[in-house]
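Asks: I'm passing along start36.pdb; it holds PDB, C-alpha atoms.
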MODEL        1
ATOM      1  CA  MET A   1      17.530   6.995   7.796
ATOM      2  CA  ILE A   2      14.010   7.227   6.409
ATOM      3  CA  ILE A   3      12.799   4.526   4.018
ATOM      4  CA  TYR A   4      10.118   5.289   1.428
ATOM      5  CA  SER A   5       7.710   2.735  -0.042
ATOM      6  CA  LEU A   6       5.901   3.930  -3.172
ATOM      7  CA  TRP A   7       2.716   2.432  -4.606
ATOM      8  CA  PHE A   8       0.784   3.337  -7.764
ATOM      9  CA  TYR A   9      -2.982   2.737  -7.872
ATOM     10  CA  ASP A  10      -5.454   2.989 -10.731
ATOM     11  CA  VAL A  11      -8.766   3.302  -8.876
ATOM     12  CA  ASP A  12     -12.189   2.951 -10.442
ATOM     13  CA  ALA A  13     -14.099   6.237 -10.014
ATOM     14  CA  ARG A  14     -16.943   4.499  -8.124
ATOM     15  CA  HIS A  15     -14.448   3.424  -5.416
ATOM     16  CA  LEU A  16     -12.486   6.686  -5.280
ATOM     17  CA  ALA A  17     -14.233   8.330  -2.292
ATOM     18  CA  ASP A  18     -13.956   5.126  -0.225
ATOM     19  CA  PHE A  19     -10.330   4.677  -1.282
ATOM     20  CA  VAL A  20      -9.310   8.207  -0.303
ATOM     21  CA  ALA A  21     -11.241   8.055   2.987
ATOM     22  CA  THR A  22      -9.330   4.982   4.142
ATOM     23  CA  PHE A  23      -6.022   6.905   3.923
ATOM     24  CA  ARG A  24      -7.287   9.901   5.910
ATOM     25  CA  GLU A  25      -7.110  10.194   9.684
ATOM     26  CA  GLY A  26      -9.792   7.903  11.104
ATOM     27  CA  GLY A  27      -9.759   5.708   7.974
ATOM     28  CA  SER A  28      -9.055   1.980   8.262
ATOM     29  CA  PHE A  29      -5.649   2.093   6.553
ATOM     30  CA  TYR A  30      -4.604   5.124   8.581
ATOM     31  CA  ASP A  31      -5.703   3.588  11.880
ATOM     32  CA  SER A  32      -4.159   0.161  11.201
ATOM     33  CA  PHE A  33      -0.837   1.402   9.931
ATOM     34  CA  SER A  34      -0.385   4.090  12.564
ATOM     35  CA  ARG A  35       0.064   1.231  15.069
ATOM     36  CA  ILE A  36       2.750  -0.618  13.099
ATOM     37  CA  PRO A  37       6.176  -0.124  14.720
ATOM     38  CA  GLY A  38       8.448   1.883  12.455
ATOM     39  CA  HIS A  39       5.680   3.345  10.275
ATOM     40  CA  ILE A  40       5.943   7.128  10.359
ATOM     41  CA  HIS A  41       3.266   8.313   7.951
ATOM     42  CA  THR A  42       1.672   7.669   4.553
ATOM     43  CA  ASP A  43       0.789  10.373   2.041
ATOM     44  CA  LEU A  44      -1.716   9.807  -0.756
ATOM     45  CA  LEU A  45      -1.289  11.905  -3.900
ATOM     46  CA  ALA A  46      -3.978  12.229  -6.566
ATOM     47  CA  GLY A  47      -3.386  12.419 -10.291
ATOM     48  CA  ALA A  48      -5.784  13.338 -13.045
ATOM     49  CA  GLN A  49      -8.848  11.249 -13.812
ATOM     50  CA  ASN A  50      -8.293   9.415 -17.072
ATOM     51  CA  VAL A  51     -10.605   8.612 -19.966
ATOM     52  CA  SER A  52     -11.523   5.155 -18.661
ATOM     53  CA  GLY A  53     -13.198   6.676 -15.578
ATOM     54  CA  SER A  54     -10.491   5.892 -13.104
ATOM     55  CA  CYS A  55      -8.069   8.016 -11.131
ATOM     56  CA  ARG A  56      -4.340   7.544 -10.690
ATOM     57  CA  LEU A  57      -3.069   7.752  -7.138
ATOM     58  CA  LEU A  58       0.346   7.432  -5.564
ATOM     59  CA  SER A  59       1.049   6.574  -1.951
ATOM     60  CA  ILE A  60       4.339   7.254  -0.227
ATOM     61  CA  SER A  61       4.830   5.505   3.100
ATOM     62  CA  PHE A  62       7.633   6.549   5.412
ATOM     63  CA  PHE A  63       9.369   3.996   7.662
ATOM     64  CA  THR A  64      12.238   4.208  10.140
ATOM     65  CA  SER A  65      14.195   1.305   8.584
ATOM     66  CA  PHE A  66      14.169  -1.421   5.952
ATOM     67  CA  GLU A  67      13.539  -3.908   8.757
ATOM     68  CA  ALA A  68      10.446  -2.013   9.923
ATOM     69  CA  LEU A  69       9.142  -1.887   6.351
ATOM     70  CA  SER A  70       9.784  -5.615   5.874
ATOM     71  CA  ARG A  71       7.910  -6.420   9.104
ATOM     72  CA  ALA A  72       5.025  -4.200   7.974
ATOM     73  CA  GLU A  73       4.886  -5.975   4.599
ATOM     74  CA  GLN A  74       4.495  -9.320   6.385
ATOM     75  CA  SER A  75       1.896  -8.084   8.868
ATOM     76  CA  ALA A  76      -1.741  -9.124   9.028
ATOM     77  CA  GLN A  77      -2.672  -5.483   8.400
ATOM     78  CA  MET A  78      -0.791  -5.478   5.073
ATOM     79  CA  ARG A  79      -2.325  -8.783   3.977
ATOM     80  CA  ALA A  80      -5.803  -7.467   4.731
ATOM     81  CA  PHE A  81      -5.023  -4.192   2.969
ATOM     82  CA  ALA A  82      -3.689  -6.081  -0.096
ATOM     83  CA  HIS A  83      -7.018  -7.895  -0.359
ATOM     84  CA  TRP A  84      -8.939  -4.629   0.069
ATOM     85  CA  LEU A  85      -6.823  -3.055  -2.702
ATOM     86  CA  HIS A  86      -7.394  -6.009  -5.006
ATOM     87  CA  LEU A  87     -11.153  -5.437  -4.798
ATOM     88  CA  ARG A  88     -11.014  -1.660  -5.443
ATOM     89  CA  THR A  89      -8.241  -1.061  -7.936
ATOM     90  CA  LYS A  90      -7.837  -1.725 -11.621
ATOM     91  CA  GLN A  91      -4.107  -1.773 -11.091
ATOM     92  CA  CYS A  92      -1.901  -1.743  -8.001
ATOM     93  CA  ILE A  93       1.866  -1.633  -8.482
ATOM     94  CA  HIS A  94       4.549  -1.412  -5.832
ATOM     95  CA  LEU A  95       7.092   0.956  -7.376
ATOM     96  CA  GLY A  96       9.718   0.010  -4.851
ATOM     97  CA  LYS A  97      11.572   0.864  -1.681
ATOM     98  CA  PHE A  98      13.682   3.993  -1.721
ATOM     99  CA  SER A  99      16.155   5.724   0.547
ATOM    100  CA  HIS A 100      18.834   8.344   0.392
ATOM    101  CA  PHE A 101      22.144   6.964  -0.792
ATOM    102  CA  PRO A 102      23.444   4.312  -0.333
ATOM    103  CA  ARG A 103      20.772   2.533  -2.333
ATOM    104  CA  PRO A 104      18.614  -0.278  -0.910
ATOM    105  CA  GLU A 105      19.567  -3.900  -1.439
ATOM    106  CA  ALA A 106      17.880  -5.890  -4.222
ATOM    107  CA  GLU A 107      14.294  -6.819  -3.398
ATOM    108  CA  THR A 108      11.555  -9.187  -4.499
ATOM    109  CA  SER A 109       9.567  -8.108  -7.530
ATOM    110  CA  SER A 110       6.759  -5.780  -6.442
ATOM    111  CA  LEU A 111       4.042  -7.672  -8.316
ATOM    112  CA  GLN A 112       5.331 -10.903  -6.829
ATOM    113  CA  THR A 113       5.131  -9.358  -3.344
ATOM    114  CA  LEU A 114       1.480  -8.346  -3.819
ATOM    115  CA  ASP A 115       0.652 -11.768  -5.277
ATOM    116  CA  GLN A 116       2.295 -13.433  -2.269
ATOM    117  CA  SER A 117       0.210 -11.265   0.069
ATOM    118  CA  LEU A 118      -2.981 -12.281  -1.698
ATOM    119  CA  LYS A 119      -2.010 -15.974  -1.680
ATOM    120  CA  ALA A 120      -1.387 -15.793   2.069
ATOM    121  CA  PHE A 121      -5.121 -15.440   2.715
ATOM    122  CA  THR A 122      -7.020 -18.381   4.056
ATOM    123  CA  PRO A 123     -10.675 -18.833   3.038
ATOM    124  CA  MET A 124     -11.622 -17.559   6.529
ATOM    125  CA  ASP A 125      -9.700 -14.284   5.918
ATOM    126  CA  LEU A 126     -11.512 -13.694   2.632
ATOM    127  CA  GLN A 127     -14.934 -13.962   4.285
ATOM    128  CA  ARG A 128     -14.201 -11.129   6.718
TER     129      ARG A 128
ENDMDL
END
Would you mind writing the file out in C-alpha cells?
Replies:
Amino acid sequence: MIIYSLWFYDVDARHLADFVATFREGGSFYDSFSRIPGHIHTDLLAGAQNVSGSCRLLSISFFTSFEALSRAEQSAQMRAFAHWLHLRTKQCIHLGKFSHFPRPEAETSSLQTLDQSLKAFTPMDLQR
C-alpha cells in the first residue's frame, strides 16, 4: 500500500526559487528525504501566483507505510525541514495522510504536528 502525505504552502515570491530548488534532485529536501527508509518520492506542484505576491504550492510525498511516514515525521530531517519551512512560507498546512481504502486511522491535527516539530528544536538547532 502506498501512503500519501499532502502539504499546502503559501510561499513568498522572494523565496520561491530557493523553495523549488530544495525539492529538485540535488536540493537539500530531496537529498535528505531520499535517505529516509520508506520514503519513495515527493512531487511539488505549483499553483498560480496570487495578488499578495506569493505562490501556492502543494507537495505530495509517497511512503511505503503509515509506520514509515510516522518515523519520517519524527526524524531530525523533518524537524530541520519544518524550521526551514517556517522561515520561508506565509502558510504551511499539512492536509493529511491519505491512502486507498480502507481509510487511515485518526491522526493528530496537522497544525499541531508542525507546531510540535518547531517546539522540538533546541536553541543549538536554531543556530545551525
Asks: Kindly give the distance, in Å, that separates atom CA of A:Leu6 and atom CA of A:Gly53, rounded to a single decimal.
Replies: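 Rounded to one decimal, the two atoms are 22.9 Å apart.
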Asks: Name the residues that the PyMOL selection byres ((chain A and resi 62) around 12) picks from the file above, as a PyMOL selection string, using the file's chain letters and numbers.
Replies: chain A and resi 1-7+33-34+36-44+59-61+63-66+68-69+72+97-99
Asks: What is the atom CA of A:Cys55-atom CA of A:His94 distance in Å, reported with one decimal?
Replies: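 About the pair atom CA of A:Cys55 and atom CA of A:His94: they are 16.6 Å apart.
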Asks: Draw an axis-aligned box over all listed atoms of stretch 1-16 of chain A, pad each side with 5 Å, and write its centre and edge lengths in Å, one decimal, as AutoDock Vina command-line options.
Replies:
--center_x 0.3 --center_y 4.8 --center_z -1.5 --size_x 44.5 --size_y 14.8 --size_z 28.5
Asks: Between atom CA of A:Gln91 and atom CA of A:Asp10, what is the distance, to one decimal in Å?
Replies: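 For atom CA of A:Gln91 relative to atom CA of A:Asp10, the distance reads 5.0 Å.
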Asks: If the PyMOL selection byres ((chain A and resi 75) around 12) is run on the structure shown, which residues does it catch, given as a ChimeraX atom specification?
Replies: /A:32-33,35-37,68-74,76-82,117,120-121
